[in-house]
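Quick look at entry-v7.tsv (TSV, C-alpha atoms):
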```tsv
chain	number	residue	atom	x	y	z
T	198	MET	CA	105.46	101.04	126.88
T	199	LEU	CA	108.77	99.52	125.71
T	200	ARG	CA	107.79	96.18	127.24
T	201	GLU	CA	104.40	96.41	125.53
T	202	ASP	CA	106.15	97.01	122.17
T	203	LEU	CA	108.28	93.91	122.64
T	204	ALA	CA	105.26	91.86	123.73
T	205	THR	CA	103.31	93.07	120.67
T	206	VAL	CA	105.98	91.77	118.30
T	207	ARG	CA	106.15	88.45	120.14
T	208	ALA	CA	102.35	88.11	120.02
T	209	LYS	CA	102.07	88.91	116.29
T	210	ASP	CA	105.18	87.25	114.85
T	211	PRO	CA	105.62	83.52	115.46
T	212	ALA	CA	109.28	83.84	114.35
T	213	ALA	CA	110.06	86.10	117.34
T	214	ARG	CA	111.34	83.74	120.02
T	215	SER	CA	112.85	86.15	122.54
T	216	ASN	CA	112.94	89.81	123.49
T	217	ARG	CA	116.62	89.91	122.58
T	218	GLU	CA	115.76	88.77	119.08
T	219	VAL	CA	112.93	91.33	118.84
T	220	LEU	CA	115.44	94.09	119.64
T	221	LEU	CA	116.93	93.33	116.21
T	222	TYR	CA	113.65	93.95	114.38
T	223	PRO	CA	113.70	97.06	112.15
T	224	HIS	CA	110.18	97.90	113.32
T	225	ILE	CA	111.37	98.39	116.90
T	226	HIS	CA	114.17	100.75	115.86
T	227	ALA	CA	111.83	102.77	113.63
T	228	LEU	CA	109.04	102.93	116.25
T	229	TRP	CA	111.25	103.93	119.17
T	230	THR	CA	113.08	106.53	117.09
T	231	TYR	CA	109.72	107.85	115.84
T	232	ARG	CA	108.52	108.31	119.43
T	233	LEU	CA	111.55	110.43	120.29
T	234	ALA	CA	111.30	112.38	117.02
T	235	ASN	CA	107.56	112.94	117.57
T	236	ARG	CA	108.22	114.49	120.99
T	237	LEU	CA	110.82	116.79	119.45
T	238	TRP	CA	108.43	117.66	116.59
T	239	LYS	CA	105.67	118.62	119.02
T	240	ARG	CA	108.11	120.84	120.94
T	241	GLY	CA	109.05	122.68	117.75
T	242	ASN	CA	112.48	121.11	117.26
T	243	ARG	CA	111.61	120.00	113.76
T	244	THR	CA	115.09	119.86	112.25
T	245	LEU	CA	116.37	117.40	114.85
T	246	ALA	CA	113.11	115.42	114.60
T	247	ARG	CA	113.55	115.11	110.82
T	248	ALA	CA	117.22	114.14	111.27
T	249	LEU	CA	116.22	111.31	113.63
T	250	SER	CA	113.53	110.21	111.20
T	251	LEU	CA	116.07	110.10	108.38
T	252	MET	CA	118.48	108.09	110.54
T	253	ALA	CA	115.74	105.58	111.41
T	254	ARG	CA	114.87	105.23	107.73
T	255	ALA	CA	118.51	104.52	106.86
T	256	VAL	CA	118.75	101.85	109.58
T	257	SER	CA	115.30	100.24	109.20
T	258	GLY	CA	114.00	100.99	105.70
T	259	ILE	CA	110.87	102.38	107.38
T	260	GLU	CA	109.95	106.04	106.91
T	261	ILE	CA	107.72	107.50	109.63
T	262	HIS	CA	107.23	111.25	109.54
T	263	PRO	CA	107.76	112.69	113.05
T	264	GLY	CA	104.45	114.58	112.78
T	265	ALA	CA	102.39	111.38	112.41
T	266	THR	CA	100.32	110.06	115.32
T	267	ILE	CA	100.67	106.36	116.19
T	268	GLY	CA	98.69	104.44	118.82
T	269	ARG	CA	99.63	101.54	121.06
T	270	ARG	CA	100.55	97.99	120.08
T	271	PHE	CA	101.48	99.05	116.54
T	272	PHE	CA	103.47	96.51	114.51
T	273	ILE	CA	105.12	96.58	111.09
T	274	ASP	CA	106.05	93.06	109.96
T	275	HIS	CA	109.34	93.03	108.00
T	276	GLY	CA	109.01	96.77	107.46
T	277	THR	CA	111.13	97.59	104.44
T	278	GLY	CA	109.55	100.21	102.22
T	279	VAL	CA	106.84	101.37	104.63
T	280	VAL	CA	106.01	105.08	104.34
T	281	ILE	CA	103.85	106.94	106.91
T	282	GLY	CA	103.09	110.58	106.10
T	283	GLU	CA	103.00	113.65	108.33
T	284	THR	CA	99.26	113.89	109.01
T	285	VAL	CA	98.63	110.13	109.33
T	286	ARG	CA	96.76	109.06	112.46
T	287	ILE	CA	97.05	105.39	113.43
T	288	GLY	CA	94.91	103.87	116.18
T	289	ASP	CA	95.71	101.03	118.56
T	290	ASP	CA	96.43	97.42	117.53
T	291	VAL	CA	97.20	98.25	113.90
T	292	MET	CA	99.46	96.00	111.83
T	293	LEU	CA	101.18	96.86	108.55
T	294	TYR	CA	103.24	94.63	106.33
T	295	HIS	CA	106.23	95.69	104.22
T	296	GLN	CA	105.91	98.21	101.38
T	297	VAL	CA	102.69	99.78	102.71
T	298	THR	CA	102.22	103.47	101.97
T	299	LEU	CA	100.00	105.71	104.08
T	300	GLY	CA	100.46	108.82	101.98
T	301	SER	CA	98.90	111.72	100.18
T	302	VAL	CA	97.31	111.56	96.76
T	303	GLY	CA	99.94	113.97	95.48
T	304	TRP	CA	101.27	117.48	95.84
T	305	TRP	CA	99.07	118.71	92.98
T	306	LYS	CA	96.00	117.87	95.08
T	307	ASP	CA	97.54	118.91	98.42
T	308	LEU	CA	98.24	122.44	97.19
T	309	LYS	CA	94.50	122.88	96.56
T	310	ARG	CA	93.61	121.97	100.18
T	311	PRO	CA	93.34	124.63	102.89
T	312	ALA	CA	96.57	125.25	104.83
T	313	ARG	CA	97.21	122.75	107.63
T	314	SER	CA	94.44	120.42	106.44
T	315	ARG	CA	94.87	116.67	106.69
T	316	ARG	CA	96.54	115.14	103.62
T	317	HIS	CA	97.00	111.57	104.81
T	318	PRO	CA	94.84	108.68	106.08
T	319	VAL	CA	93.34	107.97	109.46
T	320	VAL	CA	93.68	104.27	110.28
T	321	GLU	CA	91.38	103.28	113.12
T	322	ASP	CA	91.91	100.55	115.74
T	323	GLY	CA	92.51	96.93	114.77
T	324	VAL	CA	93.24	97.49	111.07
T	325	ILE	CA	95.54	95.17	109.11
T	326	ILE	CA	97.07	96.41	105.85
T	327	CYS	CA	98.89	93.80	103.78
T	328	THR	CA	102.04	93.93	101.65
T	329	GLY	CA	102.34	96.65	99.05
T	330	ALA	CA	98.97	98.28	99.72
T	331	SER	CA	98.61	102.06	99.38
T	332	VAL	CA	96.10	104.14	101.32
T	333	LEU	CA	96.18	107.60	99.83
T	334	GLY	CA	94.69	110.95	100.78
T	335	PRO	CA	92.64	112.15	103.75
T	336	VAL	CA	90.56	108.99	103.95
T	337	CYS	CA	89.39	107.08	107.03
T	338	ILE	CA	89.89	103.33	107.34
T	339	GLY	CA	87.27	101.98	109.75
T	340	VAL	CA	87.86	99.80	112.81
T	341	ASN	CA	88.90	96.18	112.17
T	342	THR	CA	89.19	96.63	108.41
T	343	ARG	CA	91.42	94.27	106.43
T	344	ILE	CA	93.13	95.52	103.25
T	345	GLY	CA	94.67	92.92	100.94
T	346	ALA	CA	98.09	92.99	99.32
T	347	HIS	CA	98.68	95.58	96.60
T	348	ALA	CA	95.27	97.21	97.05
T	349	VAL	CA	94.97	100.95	96.41
T	350	ILE	CA	92.50	102.76	98.69
T	351	LEU	CA	91.35	106.23	97.61
T	352	ASP	CA	88.15	106.59	99.66
T	353	ASP	CA	86.85	105.95	103.17
T	354	LEU	CA	86.23	102.36	104.24
T	355	PRO	CA	83.58	101.48	106.85
T	356	PRO	CA	84.35	99.41	109.96
T	357	ASP	CA	84.97	95.70	109.34
T	358	ALA	CA	85.49	96.17	105.58
T	359	ARG	CA	87.36	93.52	103.63
T	360	ILE	CA	89.25	94.67	100.52
T	361	GLY	CA	90.80	91.94	98.41
T	362	ALA	CA	94.31	91.84	97.03
T	363	GLY	CA	94.99	94.05	94.02
T	364	ILE	CA	91.71	95.98	94.29
T	365	THR	CA	91.47	99.73	93.70
T	366	TYR	CA	88.75	101.25	95.89
T	367	PRO	CA	86.77	102.98	94.63
T	368	HIS	CA	87.24	102.04	90.98
T	369	ALA	CA	89.88	104.46	89.77
T	370	SER	CA	88.78	107.09	87.29
T	371	ASP	CA	90.98	107.88	84.29
T	372	ASP	CA	92.30	111.09	85.92
T	373	VAL	CA	93.38	109.22	89.07
T	374	VAL	CA	95.10	106.53	86.99
T	375	SER	CA	96.85	109.25	84.94
T	376	ALA	CA	97.96	111.05	88.11
T	377	LEU	CA	99.34	107.81	89.55
T	378	ARG	CA	101.27	107.17	86.32
T	379	ILE	CA	102.75	110.68	86.46
T	380	ALA	CA	103.75	110.12	90.10
T	381	GLU	CA	105.46	106.86	89.14
T	382	GLY	CA	107.40	108.63	86.38
T	383	SER	CA	105.82	106.87	83.43
T	384	SER	CA	104.31	108.65	80.47
T	385	VAL	CA	100.60	109.23	80.15
T	386	SER	CA	99.01	107.89	77.01
```
Just dump the structure as structure tokens.
Amino acid sequence: MLREDLATVRAKDPAARSNREVLLYPHIHALWTYRLANRLWKRGNRTLARALSLMARAVSGIEIHPGATIGRRFFIDHGTGVVIGETVRIGDDVMLYHQVTLGSVGWWKDLKRPARSRRHPVVEDGVIICTGASVLGPVCIGVNTRIGAHAVILDDLPPDARIGAGITYPHASDDVVSALRIAEGSSVS
């Protein structure tokens, strides 16, 4: 699997010229540390798993919750600012760019969900999510979907969907926009 991870980076990043160079990619450090933390998480050693996750975030700038599920040939290009929440499920051959958030809509919504319910997205095989995009809540992103830079996804997307840069899908209602403003720390008018 480690060789496959290195080969994935080399296949998806033309700037990667050798495996030695790829070993310096923040994505590799975050992914390999996540795998160890995920094993610990599943065995109930959650404090150590969270400590490893925190260490990986400090080194790489990538935050992957140890409870998330990540498939094969996963790649985060550049990586800084990526956040992957606890109940996220990522399929095979998924690529994220920097500053992507796979998160919940917010604690005020999560507290209304049944205990242990999914709060974060499912990202199916072959999806590409571009710089600064946010996929929020228990939504499903269909196979081979492409999400443009700075898009905000708040609902399921079918397979092979194409969402342009800067789009909010579906069109955000006033209460969603207000909630996002509160989450960002700005005042609501």
Inset, instruction - Give me the residues within 12 Å of Arg359 in chain T as a list in words, counting only C-alpha atoms and dropping any in the same chain fewer than 2 places off. - result: Val324, Ile325, Ile326, Cys327, Ile338, Gly339, Val340, Asn341, Thr342, Arg343, Ile344, Gly345, Ala346, Ala348, Ile350, Leu354, Pro355, Pro356, Asp357, Gly361, Ala362, Ile364 and Tyr366 of chain T
Next, dump the selected residues to file, keeping only C-alpha atoms, as an mmCIF file, in the frame of the given file.
```cif
data_model
loop_
_atom_site.group_PDB
_atom_site.id
_atom_site.type_symbol
_atom_site.label_atom_id
_atom_site.label_comp_id
_atom_site.auth_asym_id
_atom_site.auth_seq_id
_atom_site.Cartn_x
_atom_site.Cartn_y
_atom_site.Cartn_z
ATOM 1 C CA VAL T 324 93.240 97.490 111.070
ATOM 2 C CA ILE T 325 95.540 95.170 109.110
ATOM 3 C CA ILE T 326 97.070 96.410 105.850
ATOM 4 C CA CYS T 327 98.890 93.800 103.780
ATOM 5 C CA ILE T 338 89.890 103.330 107.340
ATOM 6 C CA GLY T 339 87.270 101.980 109.750
ATOM 7 C CA VAL T 340 87.860 99.800 112.810
ATOM 8 C CA ASN T 341 88.900 96.180 112.170
ATOM 9 C CA THR T 342 89.190 96.630 108.410
ATOM 10 C CA ARG T 343 91.420 94.270 106.430
ATOM 11 C CA ILE T 344 93.130 95.520 103.250
ATOM 12 C CA GLY T 345 94.670 92.920 100.940
ATOM 13 C CA ALA T 346 98.090 92.990 99.320
ATOM 14 C CA ALA T 348 95.270 97.210 97.050
ATOM 15 C CA ILE T 350 92.500 102.760 98.690
ATOM 16 C CA LEU T 354 86.230 102.360 104.240
ATOM 17 C CA PRO T 355 83.580 101.480 106.850
ATOM 18 C CA PRO T 356 84.350 99.410 109.960
ATOM 19 C CA ASP T 357 84.970 95.700 109.340
ATOM 20 C CA GLY T 361 90.800 91.940 98.410
ATOM 21 C CA ALA T 362 94.310 91.840 97.030
ATOM 22 C CA ILE T 364 91.710 95.980 94.290
ATOM 23 C CA TYR T 366 88.750 101.250 95.890
#
```
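One distance worth recording is that between CA of Lys239 in chain T and CA of Leu251 in chain T, which is 17.1 Å.
Among the candidates T:Asp210, T:Glu321, T:Asp202, T:Glu218, the residue lying nearest to Arg232 in chain T is T:Asp202 (atoms considered: all atoms listed in the file).
Relative to CA of Ala265 in chain T, CA of Val285 in chain T is found at 5.0 Å.
CA of Arg236 in chain T to CA of Ser215 in chain T spans 28.8 Å [interatomic distance, one decimal].
Of the listed residues T:Arg217, T:His347, T:Arg254, T:Arg316, the one whose atoms come nearest to Val279 in chain T is T:Arg254, with distances taken using only C-alpha atoms.
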Inset, instruction - Kindly indicate which residue among T:Gly334, T:Gly278, T:Gly241, T:Gly268 lies nearest to Leu299 in chain T, using all atoms listed in the file for the distances. - result: T:Gly334
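Proximity of T:Ser250, T:Asn216, T:Thr298, T:Thr277 to Glu201 in chain T, computed with all atoms listed in the file, is greatest for T:Asn216.
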Inset, instruction - Select, counting only C-alpha atoms, all protein, DNA and RNA residues no farther than 10 Å from (103.0, 117.1, 109.4) in file coordinates, and express the selection as a PyMOL selection string. - result: chain T and resi 238+262-266+282-285+313-317
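Among the candidates T:Thr230, T:Asn242, T:Asn235, T:Ser301, the residue lying nearest to Val336 in chain T is T:Ser301 (atoms considered: all atoms listed in the file).
Minimum distance to Ala246 in chain T across T:Asp352, T:Pro318, T:Tyr231, T:Glu260 (counting all atoms listed in the file) occurs at T:Tyr231.
Residues in contact with Ala208 in chain T at up to 12 Å, not including ones fewer than 5 positions away on its chain and judged by all atoms listed in the file, are Glu201, Asp202, Leu203, Ala213, Arg214, Ser215, Asn216, Val219, Arg270, Phe271, Phe272, Asp274, Asp290 and Met292 of chain T.
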